[in-house]
Amino acid sequence: MNQPLTQNADVRFLGKLLGDVIRAHGGDALFQRIEAIRAGSVDRYRGISNPRGLAAGLDSLSLDETVAFARSFMLFSMLANLAEDRQGVSADKDSTLASTLQYLRSEGIDTRRASDLLDRALIVPVLTAHPTEVMRKSMIDHRNRIFELMRLRDAGRTETADGDLIEQGIARQIALLWQTRALRRERLYVADEVDIALAYLRDVFLPVVPMLYSRWERLLGRRPASFLRPGSWIGGDRDGNPHVTADSLRLTLGRSSEALLADYLAQLHGLGAELSISNELAEVSAAVVALADQSGDVNEARADEPYRRAITGIYARLAATYRKLTGHPPARLASVSGEPYPDAQSLCADLLTLEQSLRAQSKGGLNDAGALTRLIRAVETFGFHLATLDLRQNADVHARVIGELLRVAGVSPDYDKLDEAARVELLRSELASERLLASPYASYSDETLSELAIVRAAAEAHRLYGPACITTYIISKCESVSDLLEVNILLKEAGLYRVAGTPGAAIMAVPLFETIADLESSARVMTAWLALPEVAAITKAKGFQEVMVGYSDSNKDGGYLTSVWSLQQATQALAEVFERSGTVMQVFHGRGGAVGRGGGSSFDAIRAQPHGTVKGRIRITEQGEIIAAKYGTRESAAANLEAITAATLLTSLENVSLSADSRTRFAAAMDTLSREAFRAYRSLVYGTEGFPRFFRQMTPLVEIAELKIGSRPSSRTNSERIEDLRAIPWVFSWAQARVMLPGWYGVGQALRSFADPGLLREMLEAWPFFRATVDNLEMVLSKSDMGIAALYATLVQDRALGDSIFGHIRDAWAQTQETLLNVTGQSRLLERHPALDASIRLRLPYIEPLNLVQVEMLKRHRAGEKDPRVREGIQLSINAIATALRNSG
């Protein structure tokens, strides 16, 4: 069992080094002030009756000291996160493939059946640029170097390979963190987001995924298909982000391909050095000899080394491919000339020729392919593109663009005035025609030109990098069949939708159902969609149809409990629709980091999916601070990728645990709970006079919008309505004020009014969905603090309004905690989860002083104080609180 973080030697060791750095670089006086504040806050959380002057210590800080204080507490939180990741507190227990296979065997499901499922599976973590990562990449890089040095220290090493003392190296990295600017001064551009994502894909995913497959091959006793692949929205997600254009798409795929092919070339160079096998000492297949003879390598020194000569030819062809796709030669030139590979499959075929020969001649496994096998797996997984890029745009944009194309082409003057049936009839007619709508001689709006440029750039990308580089076009705010057909019209304009013969689409149109109403109508929309003959032909050819469900907007729309239940119901209803149509369903889960946006354990979230809705195929968004937390190091990436693989396998194969009677009773109970929670949530957020003003003044919403953490605007329009605010700043702002309202409000009222608490306890024990729902709720309540939130409520200018609304929220929080403890049978929150409890308790004393500083700085800033250190203090406190809370956005 994991030791509590408070007893974690890493925390003490790293905390001491940080203290030494503060004393050395900030002076003893600063260190003593910060230490007094820290000790006072810790005393308060230990229940000491007379804590050592926490508020007085903060009040005595100068502005410079306040900024230094916020930075010091942020760095401690970052180092505590590192210790937690190393200790494995945040990892899901029993989430390895080995433990999963063992459990399945105990359930009568053999390894062969699991292996067969993986052969037709698809598991894709999709990186997005949603702006919730407050940490600069430079800070994350220093953190990762500390992680690597700590790993060497664990192994008993005192020096690095370069001869540096390890503990001095750790202290140096902490000193660099102290001296590195934590805040971005310029807003991120799309190109910056592309580079940040590329660092994770190149430095983490590229080496880790083949390594995992090697491990899994040994467990399964055979080679599974390449079912685990990375995806990305960065450079292709245009919904609400005018900065993402056709040029962004080209930049994203171009940089990704260049980094990937450079890595392939480096691996090939290493293989050339390794495979020194002489045909005088070992048998070599005729196919390898043929490759060697075709390579153009006539160096006499390698005349008896067919593998090396074959690799020379493969390297030359790949170098030519690199030049073709990037426009310049690679860093290490080829020694012979070669023709570019037409696609990744052709490169893979040559590499497989080498591997098959090695395996055929292997004696006792001594010639097993090793690095070559990992390279083959990489090429199979990453192709020439690295991560599959999704396109995404809002349905309203598509409707305007298609309306303009139809009008200019003389097909329909008033597309926007047609009802749904007429739209579907018109669009299907256009899709059946070979004729294109767009003319190079007509004039179009900038919006239409931009959307046409995107699909044309996608078609160009298919020609350059292969069809796997872009496979999906997500339609946000999808409400109807016409919303899907409009995308196929756009794809047709670029040759990505085929009319002649059997209809075909190189890129799949995928609906995103986000609001509660959209989720409720999703089964109806997909029933009509799958009934179209041309759609049936496309899904049959592809083998599946994807549907995306969104957690963020459904939560903002209806509250936590109604959101998670609506998603559960919609997914189940969709599975039944797909079953009736004979189509395989693939669900794409749009989850955020915070519980209010679908966050929490990915392992538990997948395990909680309705039976029969996964079947080996799932995609999940990974965004903001969660990317760094899960994939910041190779070790954490391997653990998290294996966890989602294990969860997918378990959920797809394990036997049904609930009886039909239990499912019926539990669903009826959730219907009742959801209705009451929805009523309470909507009444507060959308039915309370002055609530938008209360929210904007109580939380640092406006100040968060000033952070340079993303290329996308924080609101869809200039409106101040809650409906028009994006879900990310909505959740992020409540987290900063320690209210966490999107993650719990309405649940207490629902639980209090429910007539059968015994049934709730039965659901908690027997139903993974309800258990995950309650666990996430409990985590949110543990991170919230109504005492601190009350200080933020004083920021509301209309004190009567602030007191009234906050009083209602505070009472609801107390009710939620009381009813949750009653259902779970606990005397305090997280009593059943001691490791998580220890993790949060470690952080709380470091968050409260930051909240106190933030409230004071917000007051001064909003009163008109212009000192730039006030604004810096606010932004550093936002950064530090988000770091300490971990999943706040």
# chains A, B, ... in the order shown; residues from 1 in each chain; ligands from 1
$ residues_around --residues "segment 846-849 of chain A" --least-positions-apart "5" --cutoff "12 Å" --atoms "only C-alpha atoms" --output "NGL selection string"
:A and (34-45 or 53-59 or 66 or 69-78 or 80 or 735-738 or 783-789 or 791 or 840-841 or 854-856 or 877-886)
$ residues_around --residues "Ile174 of chain A" --least-positions-apart "4" --cutoff "12 Å" --atoms "only C-alpha atoms" --output "ChimeraX atom specification"
/A:13-22,24-25,72,75-76,78-79,139-147,149,167-170,178-180
$ residues_around --residues "Leu751 of chain A" --least-positions-apart "2" --cutoff "8 Å" --atoms "only C-alpha atoms" --output "list in words"
Leu673, Val747, Gly748, Gln749, Ser753, Phe754, Thr816, Thr819 and Leu820 of chain A
$ closest_residue --among "A:Tyr560, A:Phe695, A:Phe578, A:Tyr444" --to "Val780 of chain A" --atoms "only C-alpha atoms"
A:Tyr560
$ atom_distance --atom1 "atom CA of Ser554 of chain A" --atom2 "atom CA of Ala605 of chain A"
16.4 Å
$ closest_atom_pairs --of "segment 232-262 of chain A" --to "segment 318-341 of chain A" --cutoff "9 Å" --atoms "only C-alpha atoms" --output "tab-separated table"
residue	atom	partner	partner_atom	distance
A:Gly254	CA	A:Thr326	CA	6.8
A:Arg255	CA	A:Thr326	CA	8.4
A:Ser257	CA	A:Leu325	CA	7.7
A:Glu258	CA	A:Thr326	CA	6.3
A:Leu261	CA	A:Tyr322	CA	6.3
A:Ala262	CA	A:Pro330	CA	7.0
$ residues_around --residues "segment 417-433 of chain A" --least-positions-apart "6" --cutoff "12 Å" --atoms "only C-alpha atoms" --output "ChimeraX atom specification"
/A:399-400,402-403,405-406,409,411,479-493,495-505,525,528-529,532-535
$ closest_residue --among "A:Thr645, A:Gln32, A:Thr672, A:Ser636" --to "Ala750 of chain A" --atoms "only C-alpha atoms"
A:Thr672
$ closest_residue --among "A:Asp239, A:Ala83, A:Arg23, A:Glu355" --to "Arg151 of chain A" --atoms "only C-alpha atoms"
A:Ala83
$ select_by_dssp --residues "segment 99-245 of chain A" --states "strand (DSSP E or B)" --output "list in words"
Leu122, Ile123, Val124, Pro125, Val126, Leu127, Thr128, Glu159, Leu165, Leu228, Gly231, Ser232 and Asp237 of chain A
$ write_last_selection --atoms "N, CA and C atoms" --output "PDB file, in the first residue's frame"
ATOM      1  N   LEU A 122      -9.592  -0.279 -31.048  1.00  0.00           N
ATOM      2  CA  LEU A 122      -8.978   1.020 -31.329  1.00  0.00           C
ATOM      3  C   LEU A 122      -9.095   1.855 -30.056  1.00  0.00           C
ATOM      4  N   ILE A 123      -7.955   2.234 -29.490  1.00  0.00           N
ATOM      5  CA  ILE A 123      -7.911   3.045 -28.269  1.00  0.00           C
ATOM      6  C   ILE A 123      -7.065   4.269 -28.576  1.00  0.00           C
ATOM      7  N   VAL A 124      -7.666   5.459 -28.462  1.00  0.00           N
ATOM      8  CA  VAL A 124      -6.986   6.679 -28.896  1.00  0.00           C
ATOM      9  C   VAL A 124      -7.125   7.784 -27.847  1.00  0.00           C
ATOM     10  N   PRO A 125      -6.049   8.126 -27.139  1.00  0.00           N
ATOM     11  CA  PRO A 125      -6.053   9.367 -26.356  1.00  0.00           C
ATOM     12  C   PRO A 125      -5.809  10.535 -27.310  1.00  0.00           C
ATOM     13  N   VAL A 126      -6.667  11.530 -27.262  1.00  0.00           N
ATOM     14  CA  VAL A 126      -6.614  12.643 -28.211  1.00  0.00           C
ATOM     15  C   VAL A 126      -6.209  13.919 -27.474  1.00  0.00           C
ATOM     16  N   LEU A 127      -5.044  14.470 -27.820  1.00  0.00           N
ATOM     17  CA  LEU A 127      -4.560  15.681 -27.172  1.00  0.00           C
ATOM     18  C   LEU A 127      -5.281  16.893 -27.751  1.00  0.00           C
ATOM     19  N   THR A 128      -5.729  17.783 -26.867  1.00  0.00           N
ATOM     20  CA  THR A 128      -6.373  19.008 -27.322  1.00  0.00           C
ATOM     21  C   THR A 128      -5.662  20.207 -26.709  1.00  0.00           C
ATOM     22  N   GLU A 159      26.067   9.745  -9.176  1.00  0.00           N
ATOM     23  CA  GLU A 159      26.502  10.587 -10.286  1.00  0.00           C
ATOM     24  C   GLU A 159      25.688  10.282 -11.529  1.00  0.00           C
ATOM     25  N   LEU A 165      27.075  15.280  -9.806  1.00  0.00           N
ATOM     26  CA  LEU A 165      26.468  14.722  -8.605  1.00  0.00           C
ATOM     27  C   LEU A 165      24.946  14.868  -8.692  1.00  0.00           C
ATOM     28  N   LEU A 228      -3.478   0.869 -30.251  1.00  0.00           N
ATOM     29  CA  LEU A 228      -3.284   2.078 -29.446  1.00  0.00           C
ATOM     30  C   LEU A 228      -2.563   3.123 -30.281  1.00  0.00           C
ATOM     31  N   GLY A 231      -4.010  10.667 -30.950  1.00  0.00           N
ATOM     32  CA  GLY A 231      -4.739  11.590 -31.807  1.00  0.00           C
ATOM     33  C   GLY A 231      -4.517  13.008 -31.321  1.00  0.00           C
ATOM     34  N   SER A 232      -4.974  13.981 -32.090  1.00  0.00           N
ATOM     35  CA  SER A 232      -4.807  15.377 -31.706  1.00  0.00           C
ATOM     36  C   SER A 232      -5.886  16.239 -32.343  1.00  0.00           C
ATOM     37  N   ASP A 237      -8.789  21.990 -34.756  1.00  0.00           N
ATOM     38  CA  ASP A 237     -10.015  22.350 -34.043  1.00  0.00           C
ATOM     39  C   ASP A 237     -10.310  23.832 -34.262  1.00  0.00           C
TER      40      ASP A 237
END
$ closest_residue --among "A:Asn81, A:Ser683, A:Gln875, A:Gln393" --to "Gly558 of chain A" --atoms "only C-alpha atoms"
A:Ser683
$ closest_residue --among "A:Met150, A:Tyr200, A:Ala121, A:Asp162" --to "Gly632 of chain A" --atoms "only C-alpha atoms"
A:Tyr200
$ atom_distance --atom1 "atom CA of Ser733 of chain A" --atom2 "atom CA of Gly746 of chain A"
18.5 Å
$ atom_distance --atom1 "atom CA of Arg799 of chain A" --atom2 "atom CA of Gly873 of chain A"
25.3 Å
$ select_by_dssp --residues "segment 267-365 of chain A" --states "helix (DSSP H, G or I)" --output "PDB file with N, CA and C atoms, in the first residue's frame"
ATOM      1  N   GLN A 267      16.668   5.844 -35.839  1.00  0.00           N
ATOM      2  CA  GLN A 267      16.549   4.439 -35.455  1.00  0.00           C
ATOM      3  C   GLN A 267      17.146   3.520 -36.517  1.00  0.00           C
ATOM      4  N   LEU A 268      16.926   3.839 -37.762  1.00  0.00           N
ATOM      5  CA  LEU A 268      17.517   3.043 -38.841  1.00  0.00           C
ATOM      6  C   LEU A 268      19.038   3.081 -38.798  1.00  0.00           C
ATOM      7  N   HIS A 269      19.577   4.266 -38.540  1.00  0.00           N
ATOM      8  CA  HIS A 269      21.032   4.401 -38.439  1.00  0.00           C
ATOM      9  C   HIS A 269      21.566   3.503 -37.320  1.00  0.00           C
ATOM     10  N   GLY A 270      20.849   3.492 -36.182  1.00  0.00           N
ATOM     11  CA  GLY A 270      21.259   2.618 -35.093  1.00  0.00           C
ATOM     12  C   GLY A 270      21.171   1.146 -35.453  1.00  0.00           C
ATOM     13  N   LEU A 271      20.135   0.778 -36.209  1.00  0.00           N
ATOM     14  CA  LEU A 271      19.991  -0.621 -36.639  1.00  0.00           C
ATOM     15  C   LEU A 271      21.115  -1.023 -37.584  1.00  0.00           C
ATOM     16  N   GLY A 272      21.528  -0.089 -38.438  1.00  0.00           N
ATOM     17  CA  GLY A 272      22.636  -0.374 -39.341  1.00  0.00           C
ATOM     18  C   GLY A 272      23.907  -0.689 -38.580  1.00  0.00           C
ATOM     19  N   ALA A 273      24.105  -0.002 -37.455  1.00  0.00           N
ATOM     20  CA  ALA A 273      25.281  -0.292 -36.635  1.00  0.00           C
ATOM     21  C   ALA A 273      25.131  -1.623 -35.913  1.00  0.00           C
ATOM     22  N   GLU A 274      23.900  -1.960 -35.524  1.00  0.00           N
ATOM     23  CA  GLU A 274      23.680  -3.172 -34.725  1.00  0.00           C
ATOM     24  C   GLU A 274      23.688  -4.448 -35.555  1.00  0.00           C
ATOM     25  N   ALA A 286      16.242 -15.023 -48.746  1.00  0.00           N
ATOM     26  CA  ALA A 286      16.428 -14.532 -50.117  1.00  0.00           C
ATOM     27  C   ALA A 286      15.854 -13.122 -50.265  1.00  0.00           C
ATOM     28  N   ALA A 287      14.787 -12.847 -49.534  1.00  0.00           N
ATOM     29  CA  ALA A 287      14.164 -11.522 -49.638  1.00  0.00           C
ATOM     30  C   ALA A 287      15.094 -10.436 -49.110  1.00  0.00           C
ATOM     31  N   VAL A 288      15.827 -10.724 -48.045  1.00  0.00           N
ATOM     32  CA  VAL A 288      16.782  -9.744 -47.525  1.00  0.00           C
ATOM     33  C   VAL A 288      17.937  -9.567 -48.500  1.00  0.00           C
ATOM     34  N   VAL A 289      18.408 -10.664 -49.083  1.00  0.00           N
ATOM     35  CA  VAL A 289      19.479 -10.577 -50.086  1.00  0.00           C
ATOM     36  C   VAL A 289      19.034  -9.703 -51.248  1.00  0.00           C
ATOM     37  N   ALA A 290      17.768  -9.869 -51.659  1.00  0.00           N
ATOM     38  CA  ALA A 290      17.257  -9.055 -52.764  1.00  0.00           C
ATOM     39  C   ALA A 290      17.228  -7.581 -52.385  1.00  0.00           C
ATOM     40  N   LEU A 291      16.787  -7.286 -51.153  1.00  0.00           N
ATOM     41  CA  LEU A 291      16.793  -5.892 -50.682  1.00  0.00           C
ATOM     42  C   LEU A 291      18.211  -5.334 -50.680  1.00  0.00           C
ATOM     43  N   ALA A 292      19.148  -6.142 -50.217  1.00  0.00           N
ATOM     44  CA  ALA A 292      20.544  -5.704 -50.160  1.00  0.00           C
ATOM     45  C   ALA A 292      21.080  -5.423 -51.562  1.00  0.00           C
ATOM     46  N   ASP A 293      20.755  -6.313 -52.502  1.00  0.00           N
ATOM     47  CA  ASP A 293      21.246  -6.144 -53.869  1.00  0.00           C
ATOM     48  C   ASP A 293      20.638  -4.917 -54.539  1.00  0.00           C
ATOM     49  N   GLN A 294      19.402  -4.554 -54.154  1.00  0.00           N
ATOM     50  CA  GLN A 294      18.732  -3.387 -54.749  1.00  0.00           C
ATOM     51  C   GLN A 294      19.143  -2.074 -54.090  1.00  0.00           C
ATOM     52  N   GLU A 300      32.710  -2.577 -50.406  1.00  0.00           N
ATOM     53  CA  GLU A 300      33.290  -3.915 -50.251  1.00  0.00           C
ATOM     54  C   GLU A 300      33.360  -4.335 -48.789  1.00  0.00           C
ATOM     55  N   ALA A 301      33.490  -3.357 -47.894  1.00  0.00           N
ATOM     56  CA  ALA A 301      33.605  -3.692 -46.475  1.00  0.00           C
ATOM     57  C   ALA A 301      32.320  -4.319 -45.947  1.00  0.00           C
ATOM     58  N   ARG A 302      31.179  -4.099 -46.657  1.00  0.00           N
ATOM     59  CA  ARG A 302      29.904  -4.654 -46.204  1.00  0.00           C
ATOM     60  C   ARG A 302      29.386  -5.735 -47.163  1.00  0.00           C
ATOM     61  N   PRO A 306      24.448  -8.498 -45.473  1.00  0.00           N
ATOM     62  CA  PRO A 306      23.247  -8.137 -46.234  1.00  0.00           C
ATOM     63  C   PRO A 306      22.269  -7.251 -45.450  1.00  0.00           C
ATOM     64  N   TYR A 307      22.172  -7.439 -44.135  1.00  0.00           N
ATOM     65  CA  TYR A 307      21.249  -6.593 -43.367  1.00  0.00           C
ATOM     66  C   TYR A 307      21.691  -5.127 -43.429  1.00  0.00           C
ATOM     67  N   ARG A 308      22.995  -4.906 -43.259  1.00  0.00           N
ATOM     68  CA  ARG A 308      23.488  -3.535 -43.304  1.00  0.00           C
ATOM     69  C   ARG A 308      23.273  -2.920 -44.693  1.00  0.00           C
ATOM     70  N   ARG A 309      23.521  -3.717 -45.727  1.00  0.00           N
ATOM     71  CA  ARG A 309      23.337  -3.174 -47.085  1.00  0.00           C
ATOM     72  C   ARG A 309      21.851  -2.903 -47.353  1.00  0.00           C
ATOM     73  N   ALA A 310      20.986  -3.792 -46.877  1.00  0.00           N
ATOM     74  CA  ALA A 310      19.546  -3.564 -47.053  1.00  0.00           C
ATOM     75  C   ALA A 310      19.119  -2.291 -46.312  1.00  0.00           C
ATOM     76  N   ILE A 311      19.630  -2.108 -45.101  1.00  0.00           N
ATOM     77  CA  ILE A 311      19.289  -0.911 -44.321  1.00  0.00           C
ATOM     78  C   ILE A 311      19.817   0.345 -44.999  1.00  0.00           C
ATOM     79  N   THR A 312      20.954   0.255 -45.656  1.00  0.00           N
ATOM     80  CA  THR A 312      21.466   1.405 -46.411  1.00  0.00           C
ATOM     81  C   THR A 312      20.455   1.853 -47.460  1.00  0.00           C
ATOM     82  N   GLY A 313      19.872   0.863 -48.158  1.00  0.00           N
ATOM     83  CA  GLY A 313      18.870   1.191 -49.174  1.00  0.00           C
ATOM     84  C   GLY A 313      17.587   1.724 -48.567  1.00  0.00           C
ATOM     85  N   ILE A 314      17.151   1.118 -47.453  1.00  0.00           N
ATOM     86  CA  ILE A 314      15.940   1.595 -46.778  1.00  0.00           C
ATOM     87  C   ILE A 314      16.152   3.022 -46.279  1.00  0.00           C
ATOM     88  N   TYR A 315      17.314   3.285 -45.708  1.00  0.00           N
ATOM     89  CA  TYR A 315      17.624   4.629 -45.212  1.00  0.00           C
ATOM     90  C   TYR A 315      17.578   5.628 -46.362  1.00  0.00           C
ATOM     91  N   ALA A 316      18.142   5.257 -47.505  1.00  0.00           N
ATOM     92  CA  ALA A 316      18.164   6.169 -48.654  1.00  0.00           C
ATOM     93  C   ALA A 316      16.749   6.497 -49.117  1.00  0.00           C
ATOM     94  N   ARG A 317      15.885   5.493 -49.154  1.00  0.00           N
ATOM     95  CA  ARG A 317      14.505   5.743 -49.569  1.00  0.00           C
ATOM     96  C   ARG A 317      13.764   6.603 -48.546  1.00  0.00           C
ATOM     97  N   LEU A 318      14.011   6.339 -47.265  1.00  0.00           N
ATOM     98  CA  LEU A 318      13.350   7.141 -46.242  1.00  0.00           C
ATOM     99  C   LEU A 318      13.891   8.573 -46.230  1.00  0.00           C
ATOM    100  N   ALA A 319      15.174   8.734 -46.474  1.00  0.00           N
ATOM    101  CA  ALA A 319      15.746  10.084 -46.568  1.00  0.00           C
ATOM    102  C   ALA A 319      15.129  10.846 -47.736  1.00  0.00           C
ATOM    103  N   ALA A 320      14.889  10.135 -48.841  1.00  0.00           N
ATOM    104  CA  ALA A 320      14.233  10.768 -49.986  1.00  0.00           C
ATOM    105  C   ALA A 320      12.788  11.140 -49.635  1.00  0.00           C
ATOM    106  N   THR A 321      12.123  10.291 -48.846  1.00  0.00           N
ATOM    107  CA  THR A 321      10.775  10.592 -48.377  1.00  0.00           C
ATOM    108  C   THR A 321      10.786  11.832 -47.500  1.00  0.00           C
ATOM    109  N   TYR A 322      11.768  11.912 -46.628  1.00  0.00           N
ATOM    110  CA  TYR A 322      11.920  13.078 -45.742  1.00  0.00           C
ATOM    111  C   TYR A 322      12.068  14.349 -46.585  1.00  0.00           C
ATOM    112  N   ARG A 323      12.925  14.299 -47.586  1.00  0.00           N
ATOM    113  CA  ARG A 323      13.138  15.476 -48.441  1.00  0.00           C
ATOM    114  C   ARG A 323      11.844  15.847 -49.180  1.00  0.00           C
ATOM    115  N   LYS A 324      11.122  14.845 -49.658  1.00  0.00           N
ATOM    116  CA  LYS A 324       9.883  15.091 -50.392  1.00  0.00           C
ATOM    117  C   LYS A 324       8.835  15.771 -49.494  1.00  0.00           C
ATOM    118  N   LEU A 325       8.717  15.320 -48.245  1.00  0.00           N
ATOM    119  CA  LEU A 325       7.669  15.827 -47.362  1.00  0.00           C
ATOM    120  C   LEU A 325       8.055  17.110 -46.642  1.00  0.00           C
ATOM    121  N   THR A 326       9.354  17.342 -46.439  1.00  0.00           N
ATOM    122  CA  THR A 326       9.779  18.528 -45.692  1.00  0.00           C
ATOM    123  C   THR A 326      10.367  19.620 -46.579  1.00  0.00           C
ATOM    124  N   ALA A 344       3.639   4.726 -45.776  1.00  0.00           N
ATOM    125  CA  ALA A 344       4.264   4.085 -44.620  1.00  0.00           C
ATOM    126  C   ALA A 344       4.205   2.566 -44.726  1.00  0.00           C
ATOM    127  N   GLN A 345       3.172   2.048 -45.369  1.00  0.00           N
ATOM    128  CA  GLN A 345       3.049   0.597 -45.501  1.00  0.00           C
ATOM    129  C   GLN A 345       4.220  -0.002 -46.298  1.00  0.00           C
ATOM    130  N   SER A 346       4.699   0.736 -47.290  1.00  0.00           N
ATOM    131  CA  SER A 346       5.821   0.241 -48.089  1.00  0.00           C
ATOM    132  C   SER A 346       7.100   0.186 -47.265  1.00  0.00           C
ATOM    133  N   LEU A 347       7.317   1.208 -46.435  1.00  0.00           N
ATOM    134  CA  LEU A 347       8.459   1.176 -45.520  1.00  0.00           C
ATOM    135  C   LEU A 347       8.318   0.000 -44.559  1.00  0.00           C
ATOM    136  N   CYS A 348       7.123  -0.191 -44.027  1.00  0.00           N
ATOM    137  CA  CYS A 348       6.887  -1.274 -43.080  1.00  0.00           C
ATOM    138  C   CYS A 348       7.159  -2.636 -43.723  1.00  0.00           C
ATOM    139  N   ALA A 349       6.792  -2.777 -44.983  1.00  0.00           N
ATOM    140  CA  ALA A 349       7.005  -4.053 -45.677  1.00  0.00           C
ATOM    141  C   ALA A 349       8.492  -4.390 -45.752  1.00  0.00           C
ATOM    142  N   ASP A 350       9.329  -3.392 -46.042  1.00  0.00           N
ATOM    143  CA  ASP A 350      10.774  -3.635 -46.094  1.00  0.00           C
ATOM    144  C   ASP A 350      11.318  -4.015 -44.723  1.00  0.00           C
ATOM    145  N   LEU A 351      10.852  -3.326 -43.698  1.00  0.00           N
ATOM    146  CA  LEU A 351      11.320  -3.636 -42.345  1.00  0.00           C
ATOM    147  C   LEU A 351      10.867  -5.028 -41.907  1.00  0.00           C
ATOM    148  N   LEU A 352       9.658  -5.397 -42.289  1.00  0.00           N
ATOM    149  CA  LEU A 352       9.169  -6.739 -41.961  1.00  0.00           C
ATOM    150  C   LEU A 352       9.997  -7.821 -42.642  1.00  0.00           C
ATOM    151  N   THR A 353      10.482  -7.536 -43.834  1.00  0.00           N
ATOM    152  CA  THR A 353      11.359  -8.488 -44.535  1.00  0.00           C
ATOM    153  C   THR A 353      12.602  -8.779 -43.696  1.00  0.00           C
ATOM    154  N   LEU A 354      13.169  -7.736 -43.104  1.00  0.00           N
ATOM    155  CA  LEU A 354      14.332  -7.925 -42.236  1.00  0.00           C
ATOM    156  C   LEU A 354      13.958  -8.726 -40.993  1.00  0.00           C
ATOM    157  N   GLU A 355      12.831  -8.351 -40.371  1.00  0.00           N
ATOM    158  CA  GLU A 355      12.435  -9.011 -39.135  1.00  0.00           C
ATOM    159  C   GLU A 355      12.136 -10.491 -39.358  1.00  0.00           C
ATOM    160  N   GLN A 356      11.435 -10.807 -40.434  1.00  0.00           N
ATOM    161  CA  GLN A 356      11.078 -12.205 -40.701  1.00  0.00           C
ATOM    162  C   GLN A 356      12.314 -13.063 -40.894  1.00  0.00           C
ATOM    163  N   SER A 357      13.310 -12.513 -41.554  1.00  0.00           N
ATOM    164  CA  SER A 357      14.555 -13.254 -41.749  1.00  0.00           C
ATOM    165  C   SER A 357      15.269 -13.469 -40.420  1.00  0.00           C
ATOM    166  N   LEU A 358      15.317 -12.416 -39.602  1.00  0.00           N
ATOM    167  CA  LEU A 358      15.970 -12.555 -38.298  1.00  0.00           C
ATOM    168  C   LEU A 358      15.279 -13.603 -37.437  1.00  0.00           C
ATOM    169  N   ARG A 359      13.954 -13.564 -37.406  1.00  0.00           N
ATOM    170  CA  ARG A 359      13.218 -14.516 -36.573  1.00  0.00           C
ATOM    171  C   ARG A 359      13.360 -15.944 -37.102  1.00  0.00           C
ATOM    172  N   ALA A 360      13.381 -16.070 -38.417  1.00  0.00           N
ATOM    173  CA  ALA A 360      13.499 -17.415 -39.009  1.00  0.00           C
ATOM    174  C   ALA A 360      14.831 -18.062 -38.665  1.00  0.00           C
TER     175      ALA A 360
END
$ closest_residue --among "A:Glu635, A:Leu101, A:Val510, A:Phe588" --to "Glu622 of chain A" --atoms "only C-alpha atoms"
A:Phe588
$ residues_around --residues "segment 454-461 of chain A" --least-positions-apart "4" --cutoff "10 Å" --atoms "only C-alpha atoms" --output "ChimeraX atom specification"
/A:236,238,244-250,253-254,385,389,391,448-450,465-471,473,487,490-496,506-507
$ write_last_selection --atoms "C-alpha atoms" --output "compact mmCIF listing (two decimals), in the first residue's frame"
# COMPACT_ATOMS: atom_id res chain seq x y z
CA GLY A 236 -7.48 21.13 -36.64
CA ARG A 238 -11.61 25.50 -35.46
CA VAL A 244 -6.89 27.81 -36.73
CA THR A 245 -6.72 27.87 -40.53
CA ALA A 246 -5.62 25.74 -43.45
CA ASP A 247 -2.09 27.00 -42.81
CA SER A 248 -2.35 25.74 -39.21
CA LEU A 249 -3.30 22.31 -40.48
CA ARG A 250 -0.32 22.25 -42.88
CA LEU A 253 1.15 17.86 -40.01
CA GLY A 254 4.37 19.15 -41.54
CA HIS A 385 2.01 11.60 -39.66
CA LEU A 389 -5.48 14.99 -36.57
CA LEU A 391 -11.04 18.47 -37.86
CA THR A 448 -16.65 30.19 -46.77
CA LEU A 449 -13.21 30.57 -48.34
CA SER A 450 -11.59 29.53 -45.06
CA TYR A 465 1.02 11.64 -45.50
CA GLY A 466 -1.63 9.01 -46.19
CA PRO A 467 -5.32 8.80 -45.26
CA ALA A 468 -4.58 7.97 -41.61
CA CYS A 469 -3.36 11.53 -40.97
CA ILE A 470 -6.96 12.86 -40.86
CA THR A 471 -9.86 10.44 -40.45
CA TYR A 473 -14.49 15.61 -38.89
CA VAL A 487 -19.91 18.22 -43.76
CA LEU A 490 -17.73 20.22 -47.90
CA LEU A 491 -15.68 17.02 -48.13
CA LYS A 492 -17.04 16.41 -51.62
CA GLU A 493 -15.76 19.83 -52.71
CA ALA A 494 -12.22 18.60 -51.97
CA GLY A 495 -12.63 15.11 -53.40
CA LEU A 496 -12.86 13.53 -49.95
CA ALA A 506 -12.17 9.43 -46.85
CA ILE A 507 -12.98 11.41 -43.69
$ residues_around --residues "Phe382 of chain A" --least-positions-apart "2" --cutoff "9 Å" --atoms "only C-alpha atoms" --output "PyMOL selection string"
chain A and resi 206+229-230+260+344+377-380+384-388+468-469
